[in-house]
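Visitor: Below you will find the structure I want to go over with you.
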Amino acid sequence: MKLLFLACLSPKTGNYTTAERIRSHIESAGHSCELRDVADFHSPSDVAHLVSQNPPFEAALAIHLFKAGRLLLDLRLPFGVIFGGTDINEDVKDEQKRVVMEQVLLKARFAVAFTEKLKEEAEFVLASPDSKIYVQPQGIQTEVAEQFRWSEFLRSSGVRTEGLDELRVFLLVCGLRRVKDPLYLADVFSEWHSENLHNVLIIIGPKVDPALTAEVEAVVKRATGVFLAQERSQRELHAAMKRCFAVVNSSVSEGMSAAILEAMDLRVPVLARNIPGNAAVVKHGVTGLLFSSPQEFVHQSQRLLSDQELRERVVRSGKLYVEEHHSVKQERETYQRLVDKLHKAQILA
């Protein structure tokens, strides 16, 4: 079966990684899957024109109910959708978007939520039959670049490497866009750094929003102890995560943060903002630490610095959690089974 797969494909983002992994699951079952960026299309009619080409597409899949799902509304093909997170947490607050998303969900053969909480939220805010939404957590696999040089990474980010062994690097992994709120901790961290120069915060991720990127660059210039690293390949990023003291997430909204789960898999402590998407995977004091304000972030970081037993516990429990709940094998089987539903629907059409 030839399948069209739409997603937001900014390079080196979590969306891109997730879409590529799901595409590989589909193709390993013998299907042809063409992954396309939603930015390539202006309207549903653009997509309808694409799928009619020869040989025609036979089914479709989309990540994000509004950004990608709306583009499938003119199709006569069976399709499925995967919730992105901001669609259910943020876009539903806009009535026009909510109406469109209800239409997409009504027409879709199935929908996938990364967490039970996201499924419940979707059922509450959108008119959807319970049986249509499946829960499949993201599958996680990490691979560390063997040639990665930690000292070079720090120097290129602007961090002075004298006393390298005493540095405590907090790594904020996120694309530079508003929903990730990369400057949420900047001021309080800079104050904390002035009290202890060994604590530094490095922001790393693709520069998705040019205006926000300019803001971040300006703040980093004046905020001591806060740095902006050049984005790296996935394997280099995993290597940097493995060497840091803790991985940080300060997002306003998340579907399921791959960076948090990757940190757990790499046995690195996680400090995450207390929002529903993060609280679904980070159990406070068990698999990581949650904070609800910049000041609380500092408090939880100090706990992690002073309590070795706590650090060892969250690292051990986080690794175990990922192994038990975020199997790539299970993810592959789920998507292959759901794509089979589209295949059968297409045959019967």
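Residues are referred to by chain and number: the chain letter is A, B, ... according to the order shown in the structure tokens, the number counts from 1 in that chain, and ligands are numbered separately from 1 in the order shown.
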Could you write out, as a list in words, all the residues of segment 63-164 of chain A that DSSP marks as strand (DSSP E or B)?
Guide: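 Output for segment 63-164 of chain A, strand (DSSP E or B) only: Ile63, Phe79, Gly80, Val81, Ile82, Phe110, Ala111, Val112, Ala113, Ile133, Tyr134 and Val135 of chain A.
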Visitor: Those same residues - N, CA, C and O atoms - I'd like them written as a short mmCIF file (atom, residue, chain, number, x, y, z; two decimals), in the first residue's frame.
Guide:
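Listing of out23.cif after writing:
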data_model
loop_
_atom_site.label_atom_id
_atom_site.label_comp_id
_atom_site.auth_asym_id
_atom_site.auth_seq_id
_atom_site.Cartn_x
_atom_site.Cartn_y
_atom_site.Cartn_z
N ILE A 63 0.49 13.60 11.79
CA ILE A 63 0.80 13.96 13.18
C ILE A 63 0.35 15.40 13.39
O ILE A 63 0.82 16.30 12.68
N PHE A 79 -7.81 7.48 6.45
CA PHE A 79 -6.62 8.04 7.09
C PHE A 79 -6.71 7.92 8.61
O PHE A 79 -7.79 7.73 9.18
N GLY A 80 -5.56 8.01 9.24
CA GLY A 80 -5.47 8.02 10.70
C GLY A 80 -4.71 9.26 11.14
O GLY A 80 -4.01 9.89 10.34
N VAL A 81 -4.85 9.63 12.42
CA VAL A 81 -4.16 10.80 12.96
C VAL A 81 -3.46 10.45 14.27
O VAL A 81 -3.89 9.55 15.00
N ILE A 82 -2.39 11.18 14.53
CA ILE A 82 -1.64 11.04 15.78
C ILE A 82 -1.65 12.40 16.45
O ILE A 82 -1.25 13.40 15.83
N PHE A 110 -8.84 6.11 12.85
CA PHE A 110 -8.32 5.93 14.20
C PHE A 110 -7.52 7.17 14.58
O PHE A 110 -7.14 7.98 13.73
N ALA A 111 -7.26 7.31 15.88
CA ALA A 111 -6.38 8.36 16.38
C ALA A 111 -5.47 7.74 17.43
O ALA A 111 -5.85 6.77 18.10
N VAL A 112 -4.28 8.29 17.56
CA VAL A 112 -3.31 7.78 18.54
C VAL A 112 -2.92 8.91 19.49
O VAL A 112 -2.57 10.01 19.07
N ALA A 113 -3.00 8.62 20.79
CA ALA A 113 -2.52 9.53 21.83
C ALA A 113 -1.30 8.91 22.48
O ALA A 113 -1.24 7.69 22.68
N ILE A 133 -9.80 6.13 19.73
CA ILE A 133 -8.50 6.63 20.17
C ILE A 133 -7.71 5.53 20.88
O ILE A 133 -8.16 4.94 21.86
N TYR A 134 -6.53 5.27 20.37
CA TYR A 134 -5.62 4.28 20.95
C TYR A 134 -4.50 5.00 21.69
O TYR A 134 -4.08 6.09 21.30
N VAL A 135 -4.01 4.39 22.76
CA VAL A 135 -2.87 4.95 23.49
C VAL A 135 -1.62 4.16 23.13
O VAL A 135 -1.57 2.95 23.32
#
Visitor: Write out as an NGL selection string the residues lying within 6 Å of segment 204-221 of chain A, counting only C-alpha atoms and excluding same-chain residues fewer than 4 positions away.
Guide: :A and (173-177 or 226-227 or 229 or 231)
Visitor: Find the spatial neighbours of segment 180-189 of chain A, counting only C-alpha atoms, within a cut-off of 9 Å - ignore same-chain residues fewer than 6 positions away - and output them as number ranges by chain.
Guide: A: 172-174, 199-201, 203, 215-216, 219-220, 223-226, 249-254, 293-295, 297-298
Visitor: Would you mind exporting N, CA and C atoms of the selected residues as an mmCIF file, in the first residue's frame?
Guide:
data_model
loop_
_atom_site.group_PDB
_atom_site.id
_atom_site.type_symbol
_atom_site.label_atom_id
_atom_site.label_comp_id
_atom_site.auth_asym_id
_atom_site.auth_seq_id
_atom_site.Cartn_x
_atom_site.Cartn_y
_atom_site.Cartn_z
ATOM 1 N N LEU A 172 19.078 22.249 28.640
ATOM 2 C CA LEU A 172 17.685 22.483 28.242
ATOM 3 C C LEU A 172 17.560 22.150 26.757
ATOM 4 N N VAL A 173 16.950 21.009 26.452
ATOM 5 C CA VAL A 173 16.850 20.510 25.081
ATOM 6 C C VAL A 173 15.493 20.893 24.508
ATOM 7 N N CYS A 174 15.487 21.805 23.521
ATOM 8 C CA CYS A 174 14.198 22.216 22.947
ATOM 9 C C CYS A 174 14.412 22.987 21.657
ATOM 10 N N ASN A 199 27.524 26.070 38.334
ATOM 11 C CA ASN A 199 26.223 25.704 37.762
ATOM 12 C C ASN A 199 25.970 26.515 36.486
ATOM 13 N N VAL A 200 25.813 25.831 35.366
ATOM 14 C CA VAL A 200 25.544 26.531 34.103
ATOM 15 C C VAL A 200 24.360 25.877 33.386
ATOM 16 N N LEU A 201 23.648 26.695 32.623
ATOM 17 C CA LEU A 201 22.510 26.228 31.833
ATOM 18 C C LEU A 201 22.841 26.400 30.355
ATOM 19 N N ILE A 203 21.208 25.933 26.583
ATOM 20 C CA ILE A 203 20.017 25.702 25.757
ATOM 21 C C ILE A 203 20.487 25.151 24.422
ATOM 22 N N GLU A 215 15.535 36.797 20.409
ATOM 23 C CA GLU A 215 15.338 37.108 21.830
ATOM 24 C C GLU A 215 16.268 36.273 22.699
ATOM 25 N N VAL A 216 16.332 34.971 22.410
ATOM 26 C CA VAL A 216 17.174 34.065 23.196
ATOM 27 C C VAL A 216 18.635 34.481 23.095
ATOM 28 N N VAL A 219 19.219 37.570 25.266
ATOM 29 C CA VAL A 219 19.203 37.268 26.704
ATOM 30 C C VAL A 219 20.484 36.550 27.113
ATOM 31 N N VAL A 220 20.914 35.595 26.292
ATOM 32 C CA VAL A 220 22.120 34.819 26.604
ATOM 33 C C VAL A 220 23.352 35.727 26.685
ATOM 34 N N ALA A 223 22.827 37.395 30.264
ATOM 35 C CA ALA A 223 22.558 36.536 31.432
ATOM 36 C C ALA A 223 23.764 35.631 31.687
ATOM 37 N N THR A 224 24.530 35.936 32.716
ATOM 38 C CA THR A 224 25.705 35.117 33.011
ATOM 39 C C THR A 224 25.273 33.713 33.442
ATOM 40 N N GLY A 225 26.020 32.713 32.985
ATOM 41 C CA GLY A 225 25.721 31.327 33.357
ATOM 42 C C GLY A 225 24.717 30.645 32.455
ATOM 43 N N VAL A 226 24.169 31.393 31.478
ATOM 44 C CA VAL A 226 23.203 30.823 30.535
ATOM 45 C C VAL A 226 23.803 30.910 29.132
ATOM 46 N N ASN A 249 13.380 20.456 31.081
ATOM 47 C CA ASN A 249 12.275 20.767 30.177
ATOM 48 C C ASN A 249 11.451 21.880 30.823
ATOM 49 N N SER A 250 11.264 23.005 30.096
ATOM 50 C CA SER A 250 10.507 24.138 30.660
ATOM 51 C C SER A 250 9.309 24.507 29.788
ATOM 52 N N SER A 251 8.803 23.545 29.015
ATOM 53 C CA SER A 251 7.731 23.819 28.056
ATOM 54 C C SER A 251 6.422 24.231 28.712
ATOM 55 N N VAL A 252 5.661 25.024 27.975
ATOM 56 C CA VAL A 252 4.299 25.394 28.380
ATOM 57 C C VAL A 252 3.351 24.232 28.095
ATOM 58 N N SER A 253 3.644 23.477 27.029
ATOM 59 C CA SER A 253 2.797 22.352 26.638
ATOM 60 C C SER A 253 3.648 21.274 25.984
ATOM 61 N N GLU A 254 3.320 20.015 26.270
ATOM 62 C CA GLU A 254 3.990 18.869 25.646
ATOM 63 C C GLU A 254 2.972 17.769 25.404
ATOM 64 N N SER A 293 7.636 26.636 39.156
ATOM 65 C CA SER A 293 8.099 28.016 39.048
ATOM 66 C C SER A 293 9.617 27.993 38.892
ATOM 67 N N PRO A 294 10.204 29.082 38.397
ATOM 68 C CA PRO A 294 11.669 29.131 38.300
ATOM 69 C C PRO A 294 12.349 28.942 39.656
ATOM 70 N N GLN A 295 11.745 29.503 40.713
ATOM 71 C CA GLN A 295 12.325 29.370 42.047
ATOM 72 C C GLN A 295 12.300 27.909 42.512
ATOM 73 N N PHE A 297 12.407 25.384 40.536
ATOM 74 C CA PHE A 297 13.430 24.696 39.758
ATOM 75 C C PHE A 297 14.761 24.705 40.509
ATOM 76 N N VAL A 298 15.142 25.871 41.026
ATOM 77 C CA VAL A 298 16.404 25.982 41.769
ATOM 78 C C VAL A 298 16.373 25.083 42.997
#
Visitor: Using DSSP on the backbone coordinates, identify all residues within segment 27-229 of chain A classified as alpha helix (DSSP H); present the result as a count of residues only.
Guide: 67
Visitor: Could you check which of A:His238, A:His25, A:His299, A:Arg232 is closest to Arg332 of chain A, using only C-alpha atoms?
Guide: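 Closest to Arg332 of chain A of all the choices is A:His25.
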Visitor: Nearest to Glu166 of chain A among A:Phe245, A:Phe148, A:Phe83, A:Phe124, with distances taken over only C-alpha atoms: which residue is it?
Guide: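 Of all the options, A:Phe245 lies closest to Glu166 of chain A.
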Visitor: Which residues come within 12 Å of segment 150-154 of chain A, counting only C-alpha atoms, excluding same-chain residues fewer than 4 positions away, as a PyMOL selection string?
Guide: chain A and resi 145-146+158-165+167-171+200-204+226-232+236-244
